[in-house]
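What follows is a single structure, written as structure tokens, with notes after it.
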Amino acid sequence: MTEQVLDRREFIYRVGSGAGVAAIAYQGLASLRSLRPNVSYDAPTTVKLGSITEFPEGLKFLPDQRLFVFREGNTFHAISAVCTHLGCTARAEALAAPEARQVGGRSMRLTHRFQCPCHGSRYSGDGSNVSGPAPRPLAWYRLWVAPDDGQLVVDLAYEVDHDFRLTV
Amino acid sequence: MVQPLPTREERAVPGLHPRRFWSLRPRSDRQSGDAIVSNFLLHWFPAKTYKPSMDWSYSFWLGTVSAALFLLLVLSGGPLLFLYVPSVERAYGSVKDIEFAVTFGSWIRSVHRVAAHLMVVAVFLHLVRVFLTGAYKNGVGQGQRRVWNWTIGVAMLLVTLLLSFTGYLLPWDQLAYWAVTVGTNIASSIPFVGPTVRELLIGGRTIDQPTLIRFYVLHVLLLPGALGALFVYHMWRVRKDGGLARADSVAIVSERLRTVPVRSKTYTLLGVARGTAPTVRTATLEAPDLTVNSVPDLTRRISIVALGTVAIISLAAVYVRSPLEEAANALVTPNPAKAPWYFLWLQEIVTDTTVHLGSFTINGAFLGGVLLPGLLVGLLTAWPWLDRSPMTAAGTWLPRSRRAQNAVFLAIAALVILLTLLGTFCRGPYWHFYWPWQPWPEIPTRL
């Protein structure tokens, strides 16, 4: 048996304490919103990588951008070094013998493969995930030549397909 | 005020507190008095303690060890608070100073680190002990809520792990930076809300000053505060549940002892002499030869355990140096990049759980890093409600009636330990498998 009594004193007590709790809870939650940043001071995603002559035939790794830039004669492409599993930086390993393969409908000389030190994901030279926990291939980014000073430019926010080549 | 009237049992049994918390709005003088009498600060310990509850080989005093380690962590964290600077430019330097320039700095840091690692071990073993003895089961007492206290305990294990993890980042060295990269990327693998959760955790999209200050505040303020509050509540509940389950178990299982007439009870002299008075049989719980005064018997043992823990840590910290790797470098991932040891079983799992179903892929980070541990914690929390073993199984080691569930529990625990050992000793560069005695190949540090 429960005793149901709701007299005026009890009613005022409930309204008062309820309003108090609601007010404090709302202010608490509202102030938590401050923890979600409105401004993110990220590094710019469009980056000048240097003059074309600074890129040797084959692979150049750019640690600041976590980017592999490949040069094959006068064509360029760029593959991200950020592992698609949990974001560690994959490392490139030169293949003993380069292999030729059709990538994105175009022939390509694969000179390297990639491995992630954190959980052992492996990628082939075009960034395709071969084994390990990586769920997706490495990203390819758009490259172009800056019109003002002729430097190579990458857009790290602009993914492209595997048939992308920059020809200079 | 709508409040159930006290039941007959509540009224009949003085000194028991059937509610989860104190009566904040007493309805009677009796409840008003209870609010003070049941206050946990005054009543962590009963006046009398049941002797078998204090056996070294029953509880191994693992809860007391955990509490002593927590106290030691708070104490050793004190000086570190004055010396450490939570800024990405200066954190590494300040830890380096603590390690190499501050008097006893290296020792204080080692005490903090060794105690932190051992606390993870002690809390885990405490949980294992409570499980294997069925100590989360209610016994003969009224108003027992041991199951509820078990969930509090699980929460405390999680907070302990979080405390360790947040402390891991603070030196801002390579070890720290990449552990946090991986840890927070696991959070971002949750479908839909993941990226927002990660942004909240690290205070932006890259690991930087906002991340460090967040982890710092969590580590020195919010998490220790939460653990302290939970600890106090945990202890109060143990007391209100009638002490350890061991006491109930002996009360149920053993024969009621025939005792000499107890002095507090009155009998006719003639009746006692002729043996015609009602036979005086007290439950074992009340038997004077099975209980001791908590002060000093219980408090003395607690002091021995706590001081012993402090002594061991203090000595160990002289010999065990705390590592400090190179300063954090966002440009180079160490190879191999290992999580702290107590998360290596998870690192092993996230490595193996990426599932490809045709063109559809589930990232192992979500499956092994969020879903599986979530299910494990859920199972652990809910287990007492699934447990259908009899009341007699409470408070005894590995009872027959709980053989199957103990086997399942031990199998899961063994798997976690096995994966931890595998990750610790058998993983080399690129997370490849190497036997502990196999040398690792030379890998250039760059590229």
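Residues are named by chain letter and number: chains run A, B, ... in the order of the structure tokens, numbers start at 1 in each chain, and ligands are numbered from 1 in the order shown.
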(message) Using only C-alpha atoms, I'd like every residue of chain A that has an atom within 7 Å of chain B; please write them out as a PyMOL selection string.
(response) chain A and resi 1-6+10+35-37+40+63-64+85-89+91-92+115-120+132-133+135
Residue neighbourhood range 155-157 of chain B, 12 Å, only C-alpha atoms, exclusion window fewer than 6 positions, as a PDB file with C-alpha atoms, in the first residue's frame:
```
ATOM      1  CA  GLY B  63      39.973  -4.422  -3.055  1.00  0.00           C
ATOM      2  CA  SER B  66      43.306  -1.330  -5.221  1.00  0.00           C
ATOM      3  CA  ALA B  67      42.188   1.343  -2.790  1.00  0.00           C
ATOM      4  CA  PHE B  70      44.466   4.735  -5.661  1.00  0.00           C
ATOM      5  CA  MET B 119      46.110  -0.732 -10.120  1.00  0.00           C
ATOM      6  CA  VAL B 120      44.808  -1.964 -13.474  1.00  0.00           C
ATOM      7  CA  VAL B 121      46.027  -5.438 -12.486  1.00  0.00           C
ATOM      8  CA  ALA B 122      44.648  -5.271  -8.940  1.00  0.00           C
ATOM      9  CA  VAL B 123      41.224  -3.999  -9.980  1.00  0.00           C
ATOM     10  CA  PHE B 124      40.985  -6.654 -12.686  1.00  0.00           C
ATOM     11  CA  LEU B 125      41.987  -9.422 -10.263  1.00  0.00           C
ATOM     12  CA  HIS B 126      39.526  -8.066  -7.695  1.00  0.00           C
ATOM     13  CA  LEU B 127      36.764  -8.376 -10.266  1.00  0.00           C
ATOM     14  CA  VAL B 128      37.886 -11.919 -11.111  1.00  0.00           C
ATOM     15  CA  TRP B 148      24.028  -3.172  -7.817  1.00  0.00           C
ATOM     16  CA  ASN B 149      27.433  -2.892  -6.155  1.00  0.00           C
ATOM     17  CA  LEU B 163      42.584   7.161 -15.927  1.00  0.00           C
ATOM     18  CA  SER B 164      45.502   5.096 -17.163  1.00  0.00           C
ATOM     19  CA  LEU B 223      38.144  10.934 -13.461  1.00  0.00           C
ATOM     20  CA  PRO B 224      39.841  10.813 -10.028  1.00  0.00           C
ATOM     21  CA  GLY B 225      36.831  12.652  -8.607  1.00  0.00           C
ATOM     22  CA  ALA B 226      34.475  10.158 -10.197  1.00  0.00           C
ATOM     23  CA  LEU B 227      36.553   7.220  -8.987  1.00  0.00           C
ATOM     24  CA  GLY B 228      36.738   8.645  -5.473  1.00  0.00           C
ATOM     25  CA  ALA B 229      32.969   9.124  -5.327  1.00  0.00           C
ATOM     26  CA  LEU B 230      32.325   5.644  -6.699  1.00  0.00           C
ATOM     27  CA  PHE B 231      34.825   4.175  -4.252  1.00  0.00           C
ATOM     28  CA  VAL B 232      33.135   5.757  -1.257  1.00  0.00           C
ATOM     29  CA  TYR B 233      29.747   4.574  -2.448  1.00  0.00           C
ATOM     30  CA  HIS B 234      31.127   1.084  -3.201  1.00  0.00           C
ATOM     31  CA  TYR B 342      46.233  -3.338 -20.982  1.00  0.00           C
ATOM     32  CA  VAL B 377      31.220  -4.705 -20.730  1.00  0.00           C
ATOM     33  CA  GLY B 378      27.474  -5.150 -21.209  1.00  0.00           C
ATOM     34  CA  LEU B 380      29.914  -8.286 -17.526  1.00  0.00           C
ATOM     35  CA  THR B 381      27.406  -5.811 -16.106  1.00  0.00           C
TER      36      THR B 381
END
```
I want to know what sits within 10 Å of Glu99 in chain A, based on only C-alpha atoms, with residues of the same chain fewer than 4 positions away left out; could you give that as a compact mmCIF listing (two decimals) with N, CA and C atoms, in the first residue's frame?
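Output below, filename out-v2.txt:
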```txt
# COMPACT_ATOMS: atom_id res chain seq x y z
N LEU A 95 59.88 -2.16 -54.00
CA LEU A 95 59.80 -3.55 -54.46
C LEU A 95 61.14 -3.94 -55.08
N MET A 108 50.54 1.36 -65.31
CA MET A 108 51.28 2.05 -64.25
C MET A 108 52.40 1.14 -63.80
N ARG A 109 53.56 1.75 -63.50
CA ARG A 109 54.69 0.97 -63.01
C ARG A 109 54.67 1.05 -61.49
N LEU A 110 54.43 -0.06 -60.83
CA LEU A 110 54.40 -0.05 -59.38
C LEU A 110 55.81 -0.31 -58.86
N THR A 111 56.35 0.67 -58.15
CA THR A 111 57.72 0.52 -57.65
C THR A 111 57.76 0.24 -56.15
N HIS A 112 56.65 0.49 -55.48
CA HIS A 112 56.63 0.36 -54.02
C HIS A 112 55.38 -0.37 -53.56
N GLY A 125 51.15 -0.94 -54.58
CA GLY A 125 51.74 0.34 -55.00
C GLY A 125 50.74 1.38 -55.46
```
(message) Just want the 10 Å neighbourhood of Pro44 in chain A, counted on only C-alpha atoms, with same-chain residues fewer than 6 positions away dropped. Output as a PyMOL selection string.
(response) chain A and resi 155-157
For the residues selected in the previous step, produce a file with C-alpha atoms as an mmCIF file, in the first residue's frame.
```cif
data_model
loop_
_atom_site.group_PDB
_atom_site.id
_atom_site.type_symbol
_atom_site.label_atom_id
_atom_site.label_comp_id
_atom_site.auth_asym_id
_atom_site.auth_seq_id
_atom_site.Cartn_x
_atom_site.Cartn_y
_atom_site.Cartn_z
ATOM 1 C CA ASP A 155 44.479 19.457 -52.440
ATOM 2 C CA LEU A 156 44.228 17.144 -49.428
ATOM 3 C CA ALA A 157 40.471 17.623 -49.279
#
```
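Nearest residue to Arg145 in chain B among B:Ser303, B:Leu80, B:Val238, B:Ala311 is B:Val238, counting only C-alpha atoms.
One distance worth recording is that between CA of Leu419 in chain B and CA of Phe343 in chain B, which is 9.7 Å.
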(request) Find the spatial neighbours of Arg109 in chain B, counting only C-alpha atoms, within a cut-off of 12 Å - ignore same-chain residues fewer than 5 positions away - and output them as a PyMOL selection string. (result) chain B and resi 72-73+75-81+83-84+94-100+102-104+114-116+167+171+313-314+316-318+320-324
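For range 396-412 of chain B, the residues within 8 Å (counting only C-alpha atoms, excluding itself and residues fewer than 2 positions away along the chain) are B:Tyr58, B:Phe131, B:Leu132, B:Thr133, B:Gly134, B:Ala135, B:Arg246, B:Ser249, B:Ser389, B:Pro390, B:Ala393, B:Ala394, B:Ala414, B:Leu415, B:Val416.
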Dump N, CA and C atoms for the selected residues as a compact mmCIF listing (two decimals), in the first residue's frame?
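This went into result26.txt:
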```txt
# COMPACT_ATOMS: atom_id res chain seq x y z
N TYR B 58 40.72 -15.81 1.11
CA TYR B 58 39.38 -15.65 0.52
C TYR B 58 39.38 -14.49 -0.47
N PHE B 131 33.93 -12.44 -9.00
CA PHE B 131 33.14 -13.31 -9.87
C PHE B 131 33.25 -14.77 -9.45
N LEU B 132 34.50 -15.23 -9.27
CA LEU B 132 34.71 -16.66 -9.02
C LEU B 132 34.16 -17.09 -7.66
N THR B 133 34.01 -16.14 -6.74
CA THR B 133 33.42 -16.50 -5.45
C THR B 133 31.93 -16.18 -5.42
N GLY B 134 31.39 -15.75 -6.56
CA GLY B 134 29.97 -15.41 -6.60
C GLY B 134 29.61 -14.36 -5.58
N ALA B 135 30.54 -13.45 -5.32
CA ALA B 135 30.34 -12.53 -4.21
C ALA B 135 29.36 -11.41 -4.54
N ARG B 246 30.97 -13.80 1.99
CA ARG B 246 31.49 -14.92 2.79
C ARG B 246 30.67 -15.10 4.07
N SER B 249 27.54 -16.81 3.35
CA SER B 249 27.72 -18.19 2.94
C SER B 249 27.89 -19.10 4.15
N SER B 389 22.42 -19.42 -10.23
CA SER B 389 22.92 -20.39 -9.24
C SER B 389 22.30 -20.11 -7.87
N PRO B 390 22.27 -21.13 -7.03
CA PRO B 390 21.59 -20.96 -5.73
C PRO B 390 22.35 -20.03 -4.79
N ALA B 393 25.83 -20.62 -3.35
CA ALA B 393 27.05 -20.48 -4.15
C ALA B 393 27.76 -19.17 -3.86
N ALA B 394 27.13 -18.29 -3.08
CA ALA B 394 27.75 -17.00 -2.81
C ALA B 394 28.82 -17.13 -1.74
N ALA B 414 40.92 -15.67 -19.96
CA ALA B 414 42.15 -16.26 -20.49
C ALA B 414 42.42 -15.76 -21.90
N LEU B 415 41.36 -15.63 -22.70
CA LEU B 415 41.52 -15.13 -24.07
C LEU B 415 42.07 -13.71 -24.07
N VAL B 416 41.51 -12.87 -23.18
CA VAL B 416 41.99 -11.49 -23.08
C VAL B 416 43.46 -11.47 -22.68
```
(request) Per DSSP on the backbone, filter chain A down to the residues in alpha helix (DSSP H) and report them as a ChimeraX atom specification. (result) /A:8-32
Writing out the chosen residues with N, CA and C atoms as a PDB file, in the first residue's frame:
```
ATOM      1  N   ARG A   8      -0.956  21.052  -0.663  1.00  0.00           N
ATOM      2  CA  ARG A   8      -0.364  22.252  -1.254  1.00  0.00           C
ATOM      3  C   ARG A   8       1.138  22.326  -0.982  1.00  0.00           C
ATOM      4  N   ARG A   9       1.505  21.983   0.239  1.00  0.00           N
ATOM      5  CA  ARG A   9       2.918  22.022   0.623  1.00  0.00           C
ATOM      6  C   ARG A   9       3.738  21.096  -0.289  1.00  0.00           C
ATOM      7  N   GLU A  10       3.203  19.904  -0.489  1.00  0.00           N
ATOM      8  CA  GLU A  10       3.904  18.940  -1.319  1.00  0.00           C
ATOM      9  C   GLU A  10       3.971  19.416  -2.774  1.00  0.00           C
ATOM     10  N   PHE A  11       2.872  20.003  -3.243  1.00  0.00           N
ATOM     11  CA  PHE A  11       2.822  20.487  -4.614  1.00  0.00           C
ATOM     12  C   PHE A  11       3.877  21.571  -4.837  1.00  0.00           C
ATOM     13  N   ILE A  12       3.947  22.516  -3.896  1.00  0.00           N
ATOM     14  CA  ILE A  12       4.927  23.598  -4.040  1.00  0.00           C
ATOM     15  C   ILE A  12       6.346  23.050  -3.948  1.00  0.00           C
ATOM     16  N   TYR A  13       6.508  22.084  -3.066  1.00  0.00           N
ATOM     17  CA  TYR A  13       7.834  21.469  -2.949  1.00  0.00           C
ATOM     18  C   TYR A  13       8.252  20.858  -4.283  1.00  0.00           C
ATOM     19  N   ARG A  14       7.314  20.144  -4.907  1.00  0.00           N
ATOM     20  CA  ARG A  14       7.661  19.479  -6.165  1.00  0.00           C
ATOM     21  C   ARG A  14       7.937  20.466  -7.276  1.00  0.00           C
ATOM     22  N   VAL A  15       7.084  21.479  -7.412  1.00  0.00           N
ATOM     23  CA  VAL A  15       7.282  22.472  -8.466  1.00  0.00           C
ATOM     24  C   VAL A  15       8.608  23.189  -8.252  1.00  0.00           C
ATOM     25  N   GLY A  16       8.857  23.568  -7.016  1.00  0.00           N
ATOM     26  CA  GLY A  16      10.087  24.313  -6.723  1.00  0.00           C
ATOM     27  C   GLY A  16      11.325  23.494  -6.993  1.00  0.00           C
ATOM     28  N   SER A  17      11.364  22.278  -6.452  1.00  0.00           N
ATOM     29  CA  SER A  17      12.571  21.486  -6.632  1.00  0.00           C
ATOM     30  C   SER A  17      12.708  21.044  -8.084  1.00  0.00           C
ATOM     31  N   GLY A  18      11.561  20.767  -8.726  1.00  0.00           N
ATOM     32  CA  GLY A  18      11.618  20.385 -10.143  1.00  0.00           C
ATOM     33  C   GLY A  18      12.184  21.504 -10.987  1.00  0.00           C
ATOM     34  N   ALA A  19      11.709  22.727 -10.743  1.00  0.00           N
ATOM     35  CA  ALA A  19      12.210  23.875 -11.516  1.00  0.00           C
ATOM     36  C   ALA A  19      13.696  24.075 -11.257  1.00  0.00           C
ATOM     37  N   GLY A  20      14.083  23.912 -10.012  1.00  0.00           N
ATOM     38  CA  GLY A  20      15.504  24.071  -9.677  1.00  0.00           C
ATOM     39  C   GLY A  20      16.380  23.074 -10.412  1.00  0.00           C
ATOM     40  N   VAL A  21      15.962  21.809 -10.352  1.00  0.00           N
ATOM     41  CA  VAL A  21      16.739  20.760 -11.019  1.00  0.00           C
ATOM     42  C   VAL A  21      16.787  21.017 -12.521  1.00  0.00           C
ATOM     43  N   ALA A  22      15.629  21.365 -13.103  1.00  0.00           N
ATOM     44  CA  ALA A  22      15.585  21.596 -14.551  1.00  0.00           C
ATOM     45  C   ALA A  22      16.500  22.743 -14.938  1.00  0.00           C
ATOM     46  N   ALA A  23      16.481  23.825 -14.150  1.00  0.00           N
ATOM     47  CA  ALA A  23      17.302  24.989 -14.484  1.00  0.00           C
ATOM     48  C   ALA A  23      18.776  24.641 -14.424  1.00  0.00           C
ATOM     49  N   ILE A  24      19.169  23.946 -13.359  1.00  0.00           N
ATOM     50  CA  ILE A  24      20.590  23.606 -13.217  1.00  0.00           C
ATOM     51  C   ILE A  24      21.008  22.630 -14.309  1.00  0.00           C
ATOM     52  N   ALA A  25      20.141  21.650 -14.580  1.00  0.00           N
ATOM     53  CA  ALA A  25      20.485  20.660 -15.603  1.00  0.00           C
ATOM     54  C   ALA A  25      20.630  21.327 -16.962  1.00  0.00           C
ATOM     55  N   TYR A  26      19.717  22.241 -17.276  1.00  0.00           N
ATOM     56  CA  TYR A  26      19.782  22.878 -18.583  1.00  0.00           C
ATOM     57  C   TYR A  26      21.040  23.722 -18.717  1.00  0.00           C
ATOM     58  N   GLN A  27      21.351  24.485 -17.667  1.00  0.00           N
ATOM     59  CA  GLN A  27      22.564  25.301 -17.728  1.00  0.00           C
ATOM     60  C   GLN A  27      23.808  24.434 -17.830  1.00  0.00           C
ATOM     61  N   GLY A  28      23.782  23.308 -17.113  1.00  0.00           N
ATOM     62  CA  GLY A  28      24.919  22.393 -17.188  1.00  0.00           C
ATOM     63  C   GLY A  28      25.112  21.862 -18.596  1.00  0.00           C
ATOM     64  N   LEU A  29      24.003  21.421 -19.199  1.00  0.00           N
ATOM     65  CA  LEU A  29      24.102  20.875 -20.548  1.00  0.00           C
ATOM     66  C   LEU A  29      24.505  21.953 -21.539  1.00  0.00           C
ATOM     67  N   ALA A  30      23.934  23.153 -21.348  1.00  0.00           N
ATOM     68  CA  ALA A  30      24.257  24.233 -22.276  1.00  0.00           C
ATOM     69  C   ALA A  30      25.742  24.567 -22.211  1.00  0.00           C
ATOM     70  N   SER A  31      26.305  24.537 -21.004  1.00  0.00           N
ATOM     71  CA  SER A  31      27.714  24.901 -20.907  1.00  0.00           C
ATOM     72  C   SER A  31      28.605  23.785 -21.465  1.00  0.00           C
ATOM     73  N   LEU A  32      28.078  22.558 -21.512  1.00  0.00           N
ATOM     74  CA  LEU A  32      28.856  21.483 -22.129  1.00  0.00           C
ATOM     75  C   LEU A  32      29.051  21.738 -23.628  1.00  0.00           C
TER      76      LEU A  32
END
```
(message) Using only C-alpha atoms, which protein or nucleic acid residues come within 10 Å of Lys60 in chain A? Drop anything in the same chain fewer than 2 positions from it, and give the result as a VMD selection string.
(response) (chain A and resid 54 to 58 62 to 63 67 to 71 78 92) or (chain B and resid 447)
(request) Would you return as an NGL selection string the members of range 2-166 of chain A that DSSP assigns to strand (DSSP E or B) on this structure's backbone? (result) :A and (2-3 or 46-51 or 58-62 or 67-72 or 75-80 or 82 or 89 or 91-103 or 106-115 or 122-123 or 129-131 or 140-145 or 151-160 or 166)
